[in-house]
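First comes the structure, then the notes that go with it.
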There are 2 protein chains.
Amino acid sequence: MKSKSILEMLQVQLGERSYPIYIGEKLLQRSDLWCNWVEKKQVLICTNTTVAPLYASALTQTLKDAGAQQVNQVDLPDGESFKDWPTLQRILDALLQTQCDRRTIVVALGGGVIGDMAGFAASAFMRGIDFIQVPTTLLSQVDSSVGGKTGINHPLGKNMIGAFYQPKAVFADISTLNTLPDRELSCGLAEIIKHGAIADRDYLEWVEQNMALFFQRDQAALTQVVRRSCEIKAKVVSLDEKESNIRAILNFGHTFGHAIEAAMGYGEWLHGEAVGCGMVIATRLCQKIGRLSDADCALIHKIIVDAKLPVLPPPIGLNRFMNLMRVDKKNQEGVIRYVLLNGIGQASTSPVDEDLVRQVLIESGVPSHLE
Amino acid sequence: MKSKSILEMLQVQLGERSYPIYIGEKLLQRSDLWCNWVEKKQVLICTNTTVAPLYASALTQTLKDAGAQQVNQVDLPDGESFKDWPTLQRILDALLQTQCDRRTIVVALGGGVIGDMAGFAASAFMRGIDFIQVPTTLLSQVDSSVGGKTGINHPLGKNMIGAFYQPKAVFADISTLNTLPDRELSCGLAEIIKHGAIADRDYLEWVEQNMALFFQRDQAALTQVVRRSCEIKAKVVSLDEKESNIRAILNFGHTFGHAIEAAMGYGEWLHGEAVGCGMVIATRLCQKIGRLSDADCALIHKIIVDAKLPVLPPPIGLNRFMNLMRVDKKNQEGVIRYVLLNGIGQASTSPVDEDLVRQVLIESGVPSHLE
């Protein structure tokens with residue numbers, strides 16, 4: 001059976017912090033792959049109450065089969081609204097209570113929230129222990145598991161507290177997407193569409209043509225899309241690990257998206273939904289300043305609709321929307337830098353005249369009469 | 001006047017993370033040195049309620065003279081007992097409330113607690129912004145300002161949460177030691193004695209001979225002692241930034257010291273006092289296993305007494321003492337590794353038979369009848 005299951009491998013090139021991404025079917029069962037990472041190690045699986053009943057016991061068994069010395073588990077509440085200090089502290093408490101030491105390895109089993117928090121906990125525990133990502137959502141497989149951004153939210157801004165901290169390996173098990181709700185699948189597609197939009201027109205068109213297969217959970221199509229998106233993201237990250245310049249293009253749609261998430265209090269809108277809507281606004285901005293043709297703007301809009309993502313923002317007043325964008329981490333000296341497409345497949349960052357942004361926000365459905 | 005004031009400079013060699021340490025008189029007034037670091041930058045001075053009234057306004061003026069764009073300040077409560085998450089969060093809140101961005105620089109003005117917390121906050125804010133150490137205690141000048149260890153305490157262990165994060169520069173202003181209480185001066189001497197004990201017999205003997213000058217706040221003697229101790233520590237750190245091996249020798253006396261601090265709840269005994277007493281116990285252990293002569297053991301004991309440090313542990317039961325040592329970060333697979341002297345000036349780490357350690361603890365005054 002093993003010989004028939006799909007398995008691909010990709011290396012993220014970051015010098016001494018390089019690491020492999022395994023992509024394929026039933027990776028949670030592959031003790032032959034896991035033994036390189038956990039043999040004779042104490043492991044803490046960090047997961048949430050949604051994912052734990054589905055996969056935690058299978059993974060625990062696999063880790064034991066792979067020679068792990070001891071496997072403990074901490075189950076966190078599920079959702080972006082719990083990506084905060086009290087929840088992070090539960091991981092740190094679990095590490096201390098089970099007498100973990102510097103050789104312990106943290107395994108993040110879940111979506112992006114789990115990966116971000118477990119990664120940050122691993123970076124901070126005893127000033128840094130190893131961790132492995134096991135992303136179980138399409139979003140985390142194509143986005144947050146690559147690149148080493150970890151962290152938690154602050155009431156005044158998303159991902160404001162964290163670390164650049166690379167995992168030792170990523171296991172992207174496509175089989176876990178079989179239990180993923182469509183709404184979550186759409187969120188992953190938002191980042192996938194972004195990858196095509198900023199870096200690869202052919203890929204974007206391939207994604208458009210295969211959209212139905214993704215929703216049917218076609219394992220081969222999903223493996224291919226995860227692989228290509230990881231490749232695009234890994235290439236950008238390896239050029240600029242700490243987001244000094246080029247990495248910022250991965251934030252296409254995110255300046256607007258983060259404002260939506262912040263306004264809704266995290267969780268009402270999912271991250272991918274906010275990014276989907278944010279890309280619609282960002283695309284309109286590119287069109288408005290003449291960097292994107294009407295046809296390309298329409299194509300991106302269509303794919304976002306096909307991916308079942310929202311294209312209309314929630315009722316946030318115009319001034320509030322602008323203020324929320326100002327606390328974005330990408331800003332320099334208070335000036336908001338927008339990721340702009342120069343045609344599909346090419347992106348760069350630049351400030352934009354504020355009146356123009358306000359006009360695009362109004363045209364995108366942001367009400368100007370609300371505070 | 002500037003030409004007469006003492007100023008020395010030392011470079012910590014850590015590749016792209018190398019940084020200078022300025023050591024000398026009245027550095028808080030030297031806008032000519034500061035302008036390289038803060039010109040056109042937004043600055044957050046992170047200090048405490050003890051240090052702020054003494055030095056914050058002078059430093060603020062100097063930073064403005066040096067061309068800083070904006071200087072804000074956060075005053076934290078003073079003491080090791082506040083080296084915790086709620087206090088750390090006040091720094092992060094201040095950074096967000098004053099709309100700091102990735103170009104903001106954090107200046108840590110205070111002792112080791114301030115340096116550790118401000119450094120960890122800088123490492124975590126937006127996943128890392130620059131910071132500068134301005135240590136105002138002898139302890140922080142010779143110890144925590146070199147080497148990039150930052151962090152906070154956890155109820156289950158000291159410095160359990162943090163990051164390896166190097167400052168961009170250190171300003172060790174010897175003049176600030178004029179307002180430092182003798183008890184705090186002694187704490188710095190504990191680490192200085194440790195540097196001699198693990199790396200340089202001549203230095204240890206020089207420290208013994210100059211002890212009175214330190215307590216008289218002789219600026220030249222203090223500059224020399226800070227310089228030499230920083231040199232020793234910087235050399236060890238540059239060989240092993242993340243404490244994989246050799247750096248652990250800097251923990252001489254600390255395994256015992258941390259247990260004392262943890263038992264007393266942080267703050268009752270100061271860190272240097274716990275280390276002083278810890279070195280007495282560690283020295284006895286070295287003598288017991290034949291690595292240190294009776295004369296050398298007596299010499300270290302005498303210098304610790306001369307430095308007005310405690311040599312008798314507080315009333316912690318033997319079993320509790322052993323248990324507290326087991327959660328130390330240096331341990332591997334539950335085995336406590338002790339830093340041992342092989343004569344004065346040479347150190348290495350090794351496990352030691354537990355019964356022997358218990359015996360030495362009892363002989364050092366740890367009561368075996370208490371829990």
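Ordering of the structure tokens sets the chain letters (A, B, ...), residue numbers begin anew at 1 in every chain, and ligands are numbered from 1 in the order given.
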Mind running chain A against chain B at 9 Å and telling me each contacting residue's nearest atom pair with the distance in Å (one decimal), counting only C-alpha atoms, chain and number ascending, as a tab-separated table?
residue	atom	partner	partner_atom	distance
A:Gln42	CA	B:Glu333	CA	8.8
A:Trp85	CA	B:Trp85	CA	8.9
A:Leu92	CA	B:Ile161	CA	8.0
A:Asp93	CA	B:Leu156	CA	8.3
A:Leu96	CA	B:Leu156	CA	6.9
A:Gln97	CA	B:Leu156	CA	8.1
A:Gln99	CA	B:Val327	CA	6.9
A:Cys100	CA	B:Glu333	CA	8.4
A:Asp101	CA	B:Lys329	CA	6.4
A:Arg102	CA	B:Lys329	CA	6.8
A:Arg103	CA	B:Gln332	CA	7.1
A:Thr104	CA	B:Glu333	CA	9.0
A:Ala121	CA	B:Ile161	CA	8.4
A:Ser123	CA	B:Ala163	CA	7.0
A:Ala124	CA	B:Gly162	CA	4.7
A:Phe125	CA	B:Ile161	CA	4.9
A:Met126	CA	B:Met160	CA	4.8
A:Arg127	CA	B:Ala163	CA	4.3
A:Gly128	CA	B:Ala163	CA	6.7
A:Lys149	CA	B:Arg127	CA	7.9
A:Thr150	CA	B:Arg127	CA	8.0
A:Gly151	CA	B:Arg127	CA	7.7
A:His154	CA	B:Asp93	CA	8.6
A:Leu156	CA	B:Leu96	CA	6.8
A:Gly157	CA	B:Leu96	CA	8.2
A:Asn159	CA	B:Met126	CA	7.2
A:Met160	CA	B:Met126	CA	4.8
A:Ile161	CA	B:Phe125	CA	4.9
A:Gly162	CA	B:Ala124	CA	4.6
A:Ala163	CA	B:Arg127	CA	4.3
A:Phe164	CA	B:Arg127	CA	6.0
A:Lys242	CA	B:Arg127	CA	8.6
A:Arg326	CA	B:Gln99	CA	8.7
A:Val327	CA	B:Gln99	CA	6.8
A:Asp328	CA	B:Asp101	CA	8.5
A:Lys329	CA	B:Met126	CA	6.3
A:Lys330	CA	B:Arg102	CA	7.7
A:Asn331	CA	B:Asp101	CA	6.9
A:Gln332	CA	B:Asp101	CA	6.5
A:Glu333	CA	B:Asp101	CA	6.9
A:Gly334	CA	B:Asp101	CA	7.7
query: So which bits of stretch 27-256 of chain A end up alpha helix (DSSP H) when you DSSP the backbone, as a ChimeraX atom specification?
result: /A:31-38,57-65,85-97,112-124,138-139,182-199,201-215,219-239,254-256
query: Using only C-alpha atoms, which residues sit within 12 Å of B:Phe171 once same-chain residues fewer than 2 positions away are excluded, as a VMD selection string?
result: chain B and resid 7 to 10 19 to 31 33 to 34 37 59 107 to 110 115 131 to 137 140 to 142 145 to 146 167 to 169 173 to 176 226 to 227
Got time to write the residues from that selection, N, CA and C atoms, as a CSV table (one decimal), in the first residue's frame?
chain,number,residue,atom,x,y,z
B,7,LEU,N,36.9,56.1,28.5
B,7,LEU,CA,36.0,55.4,27.6
B,7,LEU,C,36.8,54.2,26.9
B,8,GLU,N,36.3,53.0,27.1
B,8,GLU,CA,36.9,51.9,26.4
B,8,GLU,C,35.8,51.2,25.5
B,9,MET,N,36.3,50.5,24.5
B,9,MET,CA,35.3,49.8,23.6
B,9,MET,C,35.8,48.4,23.3
B,10,LEU,N,34.8,47.5,23.3
B,10,LEU,CA,35.1,46.1,23.1
B,10,LEU,C,34.1,45.6,22.1
B,19,TYR,N,28.5,43.1,18.0
B,19,TYR,CA,28.1,44.4,18.5
B,19,TYR,C,29.1,45.0,19.5
B,20,PRO,N,29.2,46.3,19.6
B,20,PRO,CA,30.2,46.9,20.5
B,20,PRO,C,29.6,47.1,21.9
B,21,ILE,N,30.6,47.0,22.8
B,21,ILE,CA,30.3,47.4,24.2
B,21,ILE,C,31.1,48.7,24.5
B,22,TYR,N,30.5,49.8,24.8
B,22,TYR,CA,31.2,51.0,25.3
B,22,TYR,C,31.2,50.9,26.8
B,23,ILE,N,32.4,51.1,27.4
B,23,ILE,CA,32.5,51.1,28.8
B,23,ILE,C,33.2,52.4,29.3
B,24,GLY,N,32.6,53.1,30.2
B,24,GLY,CA,33.3,54.3,30.7
B,24,GLY,C,32.4,55.2,31.5
B,25,GLU,N,32.9,56.4,31.7
B,25,GLU,CA,32.2,57.4,32.5
B,25,GLU,C,31.2,58.2,31.7
B,26,LYS,N,30.1,58.6,32.3
B,26,LYS,CA,29.1,59.5,31.8
B,26,LYS,C,28.7,59.2,30.3
B,27,LEU,N,28.5,58.0,30.0
B,27,LEU,CA,28.1,57.6,28.7
B,27,LEU,C,26.6,58.0,28.4
B,28,LEU,N,25.8,58.2,29.5
B,28,LEU,CA,24.5,58.6,29.3
B,28,LEU,C,24.4,60.1,28.7
B,29,GLN,N,25.5,60.8,28.8
B,29,GLN,CA,25.6,62.2,28.3
B,29,GLN,C,26.2,62.2,26.9
B,30,ARG,N,26.7,61.1,26.4
B,30,ARG,CA,27.5,61.2,25.2
B,30,ARG,C,26.7,61.1,23.9
B,31,SER,N,26.0,62.2,23.5
B,31,SER,CA,25.2,62.1,22.3
B,31,SER,C,26.1,61.9,21.1
B,33,LEU,N,28.3,59.6,20.8
B,33,LEU,CA,28.3,58.1,20.6
B,33,LEU,C,26.9,57.6,20.2
B,34,TRP,N,25.9,58.2,20.8
B,34,TRP,CA,24.5,57.7,20.6
B,34,TRP,C,24.0,58.0,19.2
B,37,TRP,N,23.3,55.4,16.6
B,37,TRP,CA,22.3,54.3,16.9
B,37,TRP,C,20.9,54.8,16.8
B,59,LEU,N,19.0,60.7,29.8
B,59,LEU,CA,19.2,59.9,28.6
B,59,LEU,C,18.2,60.4,27.5
B,107,VAL,N,15.5,50.9,24.1
B,107,VAL,CA,16.6,51.1,24.9
B,107,VAL,C,16.3,50.6,26.3
B,108,ALA,N,17.1,49.6,26.8
B,108,ALA,CA,16.9,49.1,28.1
B,108,ALA,C,17.8,49.8,29.1
B,109,LEU,N,17.2,50.6,29.9
B,109,LEU,CA,17.9,51.4,30.9
B,109,LEU,C,17.6,50.8,32.3
B,110,GLY,N,18.6,50.1,32.8
B,110,GLY,CA,18.4,49.5,34.2
B,110,GLY,C,19.3,48.3,34.3
B,115,GLY,N,17.0,44.6,31.3
B,115,GLY,CA,17.6,44.1,30.0
B,115,GLY,C,17.0,42.9,29.5
B,131,PHE,N,17.4,46.6,19.7
B,131,PHE,CA,17.5,47.1,21.0
B,131,PHE,C,18.9,47.4,21.5
B,132,ILE,N,19.0,48.3,22.4
B,132,ILE,CA,20.3,48.7,23.0
B,132,ILE,C,20.3,48.5,24.5
B,133,GLN,N,21.3,47.9,25.1
B,133,GLN,CA,21.4,47.8,26.5
B,133,GLN,C,22.1,48.9,27.1
B,134,VAL,N,21.5,49.5,28.2
B,134,VAL,CA,22.2,50.5,29.0
B,134,VAL,C,22.2,49.9,30.5
B,135,PRO,N,23.1,49.0,30.8
B,135,PRO,CA,23.1,48.4,32.1
B,135,PRO,C,23.5,49.4,33.2
B,136,THR,N,22.7,49.5,34.2
B,136,THR,CA,23.1,50.5,35.3
B,136,THR,C,23.4,49.8,36.6
B,137,THR,N,23.6,48.5,36.6
B,137,THR,CA,24.1,47.8,37.8
B,137,THR,C,25.4,47.1,37.3
B,140,SER,N,24.6,43.6,35.7
B,140,SER,CA,24.2,43.6,34.3
B,140,SER,C,25.3,44.1,33.4
B,141,GLN,N,26.2,44.9,33.9
B,141,GLN,CA,27.3,45.4,33.1
B,141,GLN,C,28.3,44.2,32.7
B,142,VAL,N,28.5,43.4,33.7
B,142,VAL,CA,29.5,42.3,33.5
B,142,VAL,C,28.9,41.0,33.1
B,145,SER,N,24.3,41.9,30.1
B,145,SER,CA,24.3,42.7,28.8
B,145,SER,C,25.2,42.1,27.7
B,146,VAL,N,25.9,41.1,28.1
B,146,VAL,CA,26.8,40.4,27.1
B,146,VAL,C,26.2,39.0,26.8
B,167,PRO,N,21.7,42.5,21.4
B,167,PRO,CA,21.5,43.9,21.2
B,167,PRO,C,22.4,44.4,20.1
B,168,LYS,N,22.1,45.7,19.6
B,168,LYS,CA,22.9,46.3,18.6
B,168,LYS,C,24.1,46.9,19.2
B,169,ALA,N,24.0,47.3,20.5
B,169,ALA,CA,25.1,47.9,21.2
B,169,ALA,C,24.9,47.9,22.7
B,173,ASP,N,27.7,52.4,31.5
B,173,ASP,CA,28.1,53.7,32.0
B,173,ASP,C,28.5,53.5,33.5
B,174,ILE,N,29.8,53.5,33.7
B,174,ILE,CA,30.4,53.3,35.1
B,174,ILE,C,29.9,54.3,36.1
B,175,SER,N,29.6,55.5,35.6
B,175,SER,CA,29.1,56.5,36.5
B,175,SER,C,27.8,56.2,37.2
B,176,THR,N,27.0,55.3,36.6
B,176,THR,CA,25.7,54.9,37.2
B,176,THR,C,26.0,54.1,38.4
B,226,VAL,N,34.9,45.7,34.6
B,226,VAL,CA,33.8,45.5,33.7
B,226,VAL,C,34.4,45.1,32.3
B,227,ARG,N,35.5,45.7,31.9
B,227,ARG,CA,36.1,45.4,30.6
B,227,ARG,C,36.6,43.9,30.6
task: Go through stretch 7-95 of chain A and collect every residue that DSSP, computed from the backbone, puts in strand (DSSP E or B); the answer should be as a list in words.
output: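 Answer for stretch 7-95 of chain A restricted to strand (DSSP E or B) is Leu7, Glu8, Met9, Leu10, Gln11, Val12, Tyr19, Pro20, Ile21, Tyr22, Ile23, Gly24, Gln42, Val43, Leu44, Ile45, Cys46, Thr47, Asn48, Gln70, Val71, Asn72, Gln73, Val74, Asp75 and Leu76 of chain A.
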With C-alpha atoms retained, could you export that selection as a PDB file, in the first residue's frame?
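Done, and the output landed in again-v9.pdb:
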ATOM      1  CA  LEU A   7       4.594  11.303  -1.490  1.00  0.00           C
ATOM      2  CA  GLU A   8       6.529  14.350  -2.598  1.00  0.00           C
ATOM      3  CA  MET A   9       9.367  16.171  -0.891  1.00  0.00           C
ATOM      4  CA  LEU A  10      10.520  19.752  -1.143  1.00  0.00           C
ATOM      5  CA  GLN A  11      13.438  21.476   0.582  1.00  0.00           C
ATOM      6  CA  VAL A  12      13.116  25.002   1.958  1.00  0.00           C
ATOM      7  CA  TYR A  19      14.179  21.953   6.253  1.00  0.00           C
ATOM      8  CA  PRO A  20      12.145  19.456   4.229  1.00  0.00           C
ATOM      9  CA  ILE A  21       8.419  19.556   3.518  1.00  0.00           C
ATOM     10  CA  TYR A  22       6.851  16.137   2.999  1.00  0.00           C
ATOM     11  CA  ILE A  23       3.618  16.341   1.014  1.00  0.00           C
ATOM     12  CA  GLY A  24       1.356  13.371   0.388  1.00  0.00           C
ATOM     13  CA  GLN A  42      10.506  13.347  24.323  1.00  0.00           C
ATOM     14  CA  VAL A  43       7.628  14.809  22.266  1.00  0.00           C
ATOM     15  CA  LEU A  44       4.835  17.227  23.109  1.00  0.00           C
ATOM     16  CA  ILE A  45       1.994  17.156  20.571  1.00  0.00           C
ATOM     17  CA  CYS A  46       0.305  20.511  20.553  1.00  0.00           C
ATOM     18  CA  THR A  47      -3.153  20.334  18.997  1.00  0.00           C
ATOM     19  CA  ASN A  48      -6.723  21.582  19.462  1.00  0.00           C
ATOM     20  CA  GLN A  70       7.644   9.734  25.618  1.00  0.00           C
ATOM     21  CA  VAL A  71       4.681  11.421  23.902  1.00  0.00           C
ATOM     22  CA  ASN A  72       2.579  13.968  25.781  1.00  0.00           C
ATOM     23  CA  GLN A  73      -0.242  16.062  24.393  1.00  0.00           C
ATOM     24  CA  VAL A  74      -1.844  19.433  25.052  1.00  0.00           C
ATOM     25  CA  ASP A  75      -5.286  20.196  23.565  1.00  0.00           C
ATOM     26  CA  LEU A  76      -6.014  23.895  23.079  1.00  0.00           C
TER      27      LEU A  76
END
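With only C-alpha atoms as the atoms that count, the minimum distance from A:Val51 to the choices A:Asp296, A:Asp78, A:Asp353, A:Asp84 is reached by A:Asp78.
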Interatomic distance (Å, one decimal) between atom CA of B:Gln209 and atom CA of B:Ile260: 29.0 Å
task: Within 10 Å of B:Pro315, counting only C-alpha atoms, which residues show up once you throw out same-chain ones fewer than 5 positions away? Write them as a PyMOL selection string, please.
output: chain B and resi 260+263-264+321+365-368+370-371
Now that the selection is made, can you save its residues with N, CA and C atoms as a PDB file, in the first residue's frame?
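Saved the output as out_22.pdb:
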ATOM      1  N   ILE B 260      18.125  28.116  44.946  1.00  0.00           N
ATOM      2  CA  ILE B 260      17.905  29.034  46.074  1.00  0.00           C
ATOM      3  C   ILE B 260      16.911  30.117  45.675  1.00  0.00           C
ATOM      4  N   ALA B 263      13.362  28.700  45.297  1.00  0.00           N
ATOM      5  CA  ALA B 263      12.763  28.364  46.596  1.00  0.00           C
ATOM      6  C   ALA B 263      12.316  29.622  47.334  1.00  0.00           C
ATOM      7  N   MET B 264      13.072  30.691  47.201  1.00  0.00           N
ATOM      8  CA  MET B 264      12.754  31.911  47.937  1.00  0.00           C
ATOM      9  C   MET B 264      11.752  32.775  47.177  1.00  0.00           C
ATOM     10  N   PHE B 321      15.557  21.077  47.555  1.00  0.00           N
ATOM     11  CA  PHE B 321      16.729  21.653  46.884  1.00  0.00           C
ATOM     12  C   PHE B 321      17.075  20.819  45.650  1.00  0.00           C
ATOM     13  N   GLY B 365      25.257  23.337  54.738  1.00  0.00           N
ATOM     14  CA  GLY B 365      24.259  23.938  55.612  1.00  0.00           C
ATOM     15  C   GLY B 365      22.825  23.744  55.171  1.00  0.00           C
ATOM     16  N   VAL B 366      22.597  22.910  54.149  1.00  0.00           N
ATOM     17  CA  VAL B 366      21.221  22.613  53.734  1.00  0.00           C
ATOM     18  C   VAL B 366      20.654  21.572  54.691  1.00  0.00           C
ATOM     19  N   PRO B 367      19.534  21.877  55.347  1.00  0.00           N
ATOM     20  CA  PRO B 367      19.000  20.955  56.356  1.00  0.00           C
ATOM     21  C   PRO B 367      18.336  19.731  55.718  1.00  0.00           C
ATOM     22  N   SER B 368      18.681  18.551  56.209  1.00  0.00           N
ATOM     23  CA  SER B 368      18.122  17.326  55.639  1.00  0.00           C
ATOM     24  C   SER B 368      16.788  16.959  56.287  1.00  0.00           C
ATOM     25  N   LEU B 370      14.222  19.077  56.842  1.00  0.00           N
ATOM     26  CA  LEU B 370      13.102  19.855  56.282  1.00  0.00           C
ATOM     27  C   LEU B 370      12.624  19.236  54.976  1.00  0.00           C
ATOM     28  N   GLU B 371      11.351  19.480  54.648  1.00  0.00           N
ATOM     29  CA  GLU B 371      10.851  19.044  53.336  1.00  0.00           C
ATOM     30  C   GLU B 371      11.147  20.108  52.302  1.00  0.00           C
TER      31      GLU B 371
END
- prompt: If you measure from atom CA of A:Asn178 to atom CA of A:Arg217, what distance in Å do you get, rounded to one decimal?
  reply: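 Atom CA of A:Arg217 lies at a distance of 6.2 Å from atom CA of A:Asn178.
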Using only C-alpha atoms: which of A:Phe214, A:Phe252, A:Tyr55, A:Tyr203 has the shortest distance to A:Leu189: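 Distance minimum relative to A:Leu189 lands on A:Phe214.
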message: Can you tell me which residues surround B:Asp294 at a distance of at most 12 Å, considering only C-alpha atoms, apart from same-chain residues fewer than 4 positions away, and format the answer as an NGL selection string?
response: :B and (283-290 or 298-301 or 343-344)
Please save C-alpha atoms of the selected residues as a CSV table (one decimal), in the first residue's frame.
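Writing done, so here's part_33.csv:
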chain,number,residue,atom,x,y,z
B,283,THR,CA,33.5,24.9,45.1
B,284,ARG,CA,33.0,22.4,47.9
B,285,LEU,CA,31.8,19.9,45.4
B,286,CYS,CA,34.9,20.3,43.3
B,287,GLN,CA,37.1,19.9,46.4
B,288,LYS,CA,35.2,16.8,47.5
B,289,ILE,CA,35.8,15.1,44.1
B,290,GLY,CA,39.4,16.1,44.1
B,298,ALA,CA,39.7,28.5,50.6
B,299,LEU,CA,40.7,31.4,48.3
B,300,ILE,CA,37.4,31.4,46.4
B,301,HIS,CA,35.5,31.2,49.8
B,343,GLY,CA,41.7,24.1,39.3
B,344,ILE,CA,41.0,27.8,39.3
